[in-house]
>>> print(open('query_28.txt').read())   # compact mmCIF, C-alpha atoms
# COMPACT_ATOMS: atom_id res chain seq x y z
CA MET F 140 85.85 111.37 105.89
CA ILE F 141 88.04 112.28 108.85
CA VAL F 142 91.85 112.34 108.75
CA THR F 143 93.63 111.68 112.03
CA VAL F 144 97.33 111.69 112.90
CA GLN F 145 98.82 109.56 115.68
CA SER F 146 101.93 111.32 116.94
CA ALA F 147 104.11 111.60 120.05
CA LYS F 148 107.08 113.77 120.98
CA ARG F 149 107.39 115.18 117.45
CA PRO F 150 105.71 118.60 117.30
CA SER F 151 108.52 119.69 114.97
CA LEU F 152 106.81 117.69 112.18
CA VAL F 153 103.45 119.46 112.47
CA LYS F 154 104.12 122.37 110.11
CA LYS F 155 105.51 120.19 107.31
CA LEU F 156 102.69 117.68 107.66
CA LEU F 157 99.97 120.33 107.56
CA GLU F 158 101.46 121.68 104.35
CA LYS F 159 101.38 118.23 102.77
CA LEU F 160 97.79 117.56 103.87
CA ASP F 161 96.38 120.96 102.89
CA PRO F 162 93.45 121.66 102.56
CA ILE F 163 92.67 118.79 104.94
CA ASN F 164 92.69 119.84 108.59
CA PRO F 165 93.67 116.66 110.45
CA VAL F 166 92.93 115.76 114.05
CA PHE F 167 96.10 115.02 116.02
CA TYR F 168 95.85 112.29 118.67
CA VAL F 169 98.79 112.86 120.98
CA PRO F 170 99.81 111.99 124.57
CA ALA F 171 98.16 114.38 127.02
CA GLU F 172 101.52 115.77 128.13
CA ASP F 173 102.27 116.80 124.53
CA LEU F 174 99.12 118.86 124.09
CA ASP F 175 100.70 122.30 124.56
CA SER F 176 103.71 121.63 122.35
CA TYR F 177 101.53 120.47 119.44
CA HIS F 178 99.26 123.46 119.87
CA GLU F 179 102.26 125.78 119.78
CA ALA F 180 103.53 123.98 116.66
CA GLY F 181 100.35 124.88 114.78
CA ALA F 182 98.05 121.87 115.13
CA LYS F 183 94.48 123.17 115.08
CA GLN F 184 92.59 120.08 116.22
CA ILE F 185 94.18 118.05 119.00
CA VAL F 186 92.81 115.22 121.13
CA PRO F 187 94.92 114.45 124.22
CA VAL F 188 95.14 110.74 125.07
CA VAL F 189 95.93 109.67 128.61
CA GLY F 190 98.14 106.65 129.05
CA LYS F 191 101.59 105.25 129.57
CA MET F 192 104.11 105.53 126.75
CA PRO F 193 104.35 104.00 124.24
CA MET F 194 100.64 104.02 123.46
CA LYS F 195 100.11 104.29 119.73
CA THR F 196 97.47 101.55 119.83
CA LYS F 197 95.57 103.55 122.42
CA GLN F 198 95.78 106.67 120.23
CA LEU F 199 94.60 104.69 117.19
CA ASN F 200 91.66 103.20 119.06
CA ARG F 201 90.63 106.57 120.46
CA ALA F 202 90.49 107.95 116.90
CA LEU F 203 88.32 105.03 115.78
CA LEU F 204 86.01 105.12 118.79
CA ASP F 205 85.55 108.88 118.48
CA ASN F 206 84.31 108.42 114.91
CA VAL F 207 82.36 105.15 114.81
CA GLY F 208 80.33 104.89 111.62
CA GLU F 209 82.60 107.26 109.69
CA ILE F 210 85.35 106.66 107.18
CA VAL F 211 88.50 107.45 109.17
CA VAL F 212 92.10 107.80 108.04
CA THR F 213 94.73 107.00 110.67
CA MET F 214 98.28 107.94 109.75
CA ASP F 215 101.80 108.60 111.01
CA ASP F 216 103.28 112.09 111.15
CA ASP F 217 106.39 111.52 108.99
CA LEU F 218 104.82 111.62 105.53
CA ASN F 219 107.23 112.37 102.70
CA GLY F 220 104.88 112.31 99.71
CA CYS F 221 102.75 110.22 97.37
CA MET F 222 102.40 109.34 93.68
CA ILE F 223 99.76 108.00 91.35
CA VAL F 224 100.92 105.13 89.13
CA ASP F 225 99.73 104.41 85.58
CA SER F 226 99.43 101.05 83.80
CA ASN F 227 103.05 101.37 82.62
CA LYS F 228 104.16 101.72 86.25
CA LYS F 229 105.14 105.33 85.79
CA GLY F 230 104.59 107.47 88.89
CA LYS F 231 103.56 111.11 89.11
CA LYS F 232 103.51 113.13 92.33
CA ILE F 233 100.05 114.15 93.48
CA PRO F 234 98.61 116.04 96.46
CA PHE F 235 97.75 113.85 99.44
CA VAL F 236 94.14 115.05 99.30
CA ASP F 237 93.76 113.52 95.82
CA LEU F 238 95.05 110.16 97.01
CA ILE F 239 92.65 110.10 99.94
CA GLU F 240 89.59 111.26 98.02
CA GLN F 241 90.11 108.70 95.24
CA THR F 242 90.76 105.92 97.75
CA VAL F 243 87.64 106.74 99.76
CA GLU F 244 85.48 106.61 96.61
CA LYS F 245 86.73 103.08 95.91
CA PHE F 246 86.41 102.08 99.56
CA LYS F 247 82.74 103.05 99.74
CA ASN F 248 81.88 100.45 97.14
CA VAL F 249 83.46 97.35 98.67
CA ASP F 250 82.60 95.12 101.62
CA ALA F 251 86.06 95.46 103.21
CA GLU F 252 86.34 97.62 106.32
CA LEU F 253 90.07 98.37 105.96
CA ALA F 254 91.85 99.94 102.99
CA GLY F 255 95.51 100.68 102.45
CA PHE F 256 98.45 100.77 100.09
CA SER F 257 101.45 98.76 98.95
CA THR F 258 104.53 98.77 101.14
CA THR F 259 106.80 99.72 98.23
CA THR F 260 107.78 103.32 97.49
CA ASN F 261 108.93 102.48 93.96
CA PRO F 262 106.18 102.24 91.27
CA PHE F 263 108.26 99.70 89.35
CA TYR F 264 107.92 97.19 92.17
CA LEU F 265 104.14 97.28 92.44
CA ARG F 266 103.00 93.71 91.85
CA THR F 267 100.06 95.08 89.90
CA THR F 268 98.30 98.38 89.48
CA GLU F 269 94.93 96.67 89.94
CA ASP F 270 93.32 96.72 93.38
CA GLU F 271 93.46 93.54 95.46
CA ASN F 272 91.53 92.11 98.39
CA TRP F 273 94.51 90.60 100.20
CA GLY F 274 98.16 91.20 101.04
CA MET F 275 100.34 93.30 103.31
CA LEU F 276 99.49 97.01 103.62
CA LYS F 277 101.70 99.95 104.51
CA GLY F 278 101.48 100.38 108.28
CA GLY F 279 101.88 104.15 108.25
CA ILE F 280 98.38 104.80 106.94
CA PHE F 281 95.04 102.99 107.02
CA VAL F 282 91.55 103.94 105.88
CA HIS F 283 88.82 102.48 108.10
CA LYS F 284 85.09 102.07 108.23
CA ALA F 285 85.34 102.73 111.95
CA SER F 286 83.69 100.11 114.14
CA VAL F 287 83.76 99.15 117.80
CA ASN F 288 84.27 95.55 116.66
CA MET F 289 87.61 96.12 114.93
CA LEU F 290 90.14 97.83 117.19
CA PHE F 291 93.89 97.59 117.69
CA ASP F 292 95.34 95.23 120.28
CA GLU F 293 96.45 97.51 123.12
CA ASN F 294 98.71 94.79 124.51
CA MET F 295 101.06 95.49 121.61
CA ASN F 296 103.73 98.20 121.46
CA GLU F 297 105.04 97.15 118.04
CA LEU F 298 103.86 95.19 114.99
CA GLU F 299 100.36 96.41 115.81
CA ASP F 300 99.83 97.11 112.11
CA LEU F 301 100.52 93.47 111.19
CA ASP F 302 98.09 92.23 113.84
CA PHE F 303 95.39 94.58 112.58
CA ILE F 304 95.88 93.62 108.92
CA ILE F 305 95.70 89.90 109.71
CA ARG F 306 92.49 90.41 111.68
CA HIS F 307 90.89 92.25 108.76
CA HIS F 308 91.87 89.52 106.31
CA LEU F 309 89.93 87.11 108.50
CA HIS F 310 87.04 89.52 108.91
CA LYS F 311 86.04 90.93 105.49
CA LYS F 312 89.39 90.94 103.71
CA VAL F 313 90.97 94.28 102.82
CA LEU F 314 91.07 96.76 99.94
CA LYS F 315 94.66 97.12 98.75
CA VAL F 316 94.75 100.12 96.42
CA ASN F 317 97.60 99.57 94.00
CA ASN F 318 97.61 102.66 91.80
CA PHE F 319 99.30 104.77 94.47
CA VAL F 320 102.57 104.65 96.33
CA ILE F 321 102.97 106.62 99.53
CA ASP F 322 106.23 107.31 101.31
CA PHE F 323 106.80 107.68 105.05
CA HIS F 324 110.15 107.80 106.82
CA TYR F 325 111.23 104.23 107.43
CA PHE F 326 113.30 103.56 110.55
CA GLY F 327 116.53 101.66 110.08
CA GLN F 328 117.54 103.08 106.71
CA SER F 329 119.55 105.99 108.08
CA GLU F 330 120.77 106.52 111.63
CA LYS F 331 120.99 110.26 110.97
CA LEU F 332 117.37 110.47 109.81
CA ASP F 333 116.20 108.20 112.62
CA LYS F 334 117.51 110.74 115.12
CA LYS F 335 115.57 113.46 113.33
CA TYR F 336 112.36 111.46 113.68
CA PHE F 337 112.78 110.56 117.36
CA GLY F 338 109.33 109.74 118.65
CA GLY F 339 106.99 107.66 120.76
CA TYR F 340 108.67 104.27 120.34
CA ALA F 341 112.24 105.47 120.87
CA GLY F 342 113.81 103.66 123.81
CA PHE F 343 111.05 101.04 123.94
CA ARG F 344 111.64 98.88 120.87
CA THR F 345 114.45 96.35 121.18
CA LYS F 346 115.33 93.15 119.36
CA GLU F 347 114.12 91.25 122.42
CA SER F 348 110.76 93.02 122.55
CA GLU F 349 110.32 92.54 118.80
CA GLN F 350 110.99 88.81 119.07
CA GLU F 351 108.53 88.54 121.95
CA THR F 352 105.85 90.36 119.95
CA TYR F 353 106.52 88.23 116.88
CA MET F 354 105.99 85.05 118.89
CA TYR F 355 102.86 86.54 120.44
CA LEU F 356 101.44 87.01 116.94
CA ARG F 357 102.38 83.51 115.84
CA LYS F 358 100.56 82.09 118.85
CA LYS F 359 97.56 84.35 118.25
CA TYR F 360 97.25 83.45 114.54
CA PRO F 361 98.96 80.04 114.07
CA GLU F 362 97.20 79.38 110.77
CA ALA F 363 98.33 82.65 109.24
CA PHE F 364 102.09 82.12 109.45
CA LYS F 365 104.56 80.01 107.50
CA SER F 366 106.33 77.29 109.47
CA ASP F 367 109.83 78.84 109.42
CA LEU F 368 110.35 80.95 112.56
CA SER F 369 113.65 82.63 111.70
CA TYR F 370 114.08 86.24 110.55
CA SER F 371 117.00 88.66 110.42
CA LYS F 372 115.31 92.08 110.35
CA THR F 373 111.92 93.60 111.10
CA ALA F 374 110.87 93.72 107.44
CA ASP F 375 111.26 89.93 107.23
CA ILE F 376 108.54 89.36 109.82
CA TYR F 377 105.85 90.50 107.41
CA LYS F 378 107.12 87.95 104.89
CA LYS F 379 106.48 85.18 107.40
CA VAL F 380 102.74 85.57 106.87
CA ASP F 381 101.31 83.30 104.18
CA TRP F 382 99.17 86.03 102.64
CA LYS F 383 97.56 83.89 99.94
CA ARG F 384 96.63 81.22 102.45
CA LEU F 385 95.34 83.85 104.82
CA ALA F 386 93.10 85.28 102.08
CA ASN F 387 91.74 81.80 101.41
CA LEU F 388 91.07 81.24 105.11
CA SER F 389 88.75 84.22 105.11
CA ASN F 390 86.57 82.53 102.50
CA SER F 391 85.66 79.75 104.93
CA ASN F 392 86.12 81.34 108.36
CA ASN F 393 84.62 84.37 109.98
CA ILE F 394 86.67 86.21 112.57
CA GLU F 395 84.69 84.89 115.54
CA SER F 396 85.16 81.23 114.64
CA PHE F 397 88.83 81.78 113.90
CA PHE F 398 89.47 83.34 117.29
CA ASP F 399 87.60 80.49 118.97
CA LYS F 400 90.34 78.20 117.66
CA VAL F 401 93.25 80.35 118.82
>>> encode(input="query_28.txt", output="structure tokens")
Amino acid sequence: MIVTVQSAKRPSLVKKLLEKLDPINPVFYVPAEDLDSYHEAGAKQIVPVVGKMPMKTKQLNRALLDNVGEIVVTMDDDLNGCMIVDSNKKGKKIPFVDLIEQTVEKFKNVDAELAGFSTTTNPFYLRTTEDENWGMLKGGIFVHKASVNMLFDENMNELEDLDFIIRHHLHKKVLKVNNFVIDFHYFGQSEKLDKKYFGGYAGFRTKESEQETYMYLRKKYPEAFKSDLSYSKTADIYKKVDWKRLANLSNSNNIESFFDKV
């Protein structure tokens, strides 16, 4: 199992992240021009990625292609913490390494090639504490059985997580591990905190670009989305996917035949 971090312009987060991941020594995939600053910040393993900003999808794909055949964690750099949740929906803080090791053990025993966690950070709002094979996953962290056949769409500078999750539903479904919650900084909740976490997408994401990407996804996967186009905020876009219908589609379609139709 290999843990990788996709980061840009935020070497100030390295020390805190390494403390939270200890004893795991992650591999940082960063823009080539950031190499020295991440090294100076304490990152021990760094892979420079050449490209034009923003390029998170390129960083993600490099991590997968470097480790084909392995179980690979890809994650953001702004991790706050994680909890394990019992059957009464009571959460208890645990080390990140415990979450990853327990998830990987489950992941080894299923057909799915993508695992992840609920989007909620509140144990009370978990729909269930039993694992599922469908539904939205938290975009800040994925666990992969790395393959050259399942890569991120490098035409996308946002919503790349949604694209990737939809593709995996149509491929071999997903493993949604529901006895953990994991918390990353979420943009849009606090302007003050957003400034603290300035990073690779700052200055590139706009309402116009988001709308364009949303329509790109609807055209790419017309059968996956509900008919209503409207949304008021980014979080609403994920609710436009008919997750139950999407899970059912994967029972009758493989990914190649689905893409032939779109």
>>> axis_aligned_box(input="query_28.txt", around="stretch 142-149 of chain F", padding_each_side="5 Å", output="lines of an AutoDock Vina configuration file")
center_x = 99.6
center_y = 112.4
center_z = 114.9
size_x = 25.5
size_y = 15.6
size_z = 22.2
>>> closest_residue(input="query_28.txt", among="F:Val316, F:Ala285, F:Leu290, F:Leu298", to="F:Asp270", atoms="only C-alpha atoms")
F:Val316
>>> atom_distance(input="query_28.txt", atom1="atom CA of F:Val211", atom2="atom CA of F:Lys229")
28.8 Å
>>> closest_residue(input="query_28.txt", among="F:Asn317, F:Gln145, F:Ser371, F:Thr268", to="F:Leu203", atoms="only C-alpha atoms")
F:Gln145
>>> atom_distance(input="query_28.txt", atom1="atom CA of F:His283", atom2="atom CA of F:Met222")
21.0 Å
>>> closest_residue(input="query_28.txt", among="F:Met354, F:Leu199, F:Lys228, F:Lys183", to="F:Phe281", atoms="all atoms listed in the file")
F:Leu199
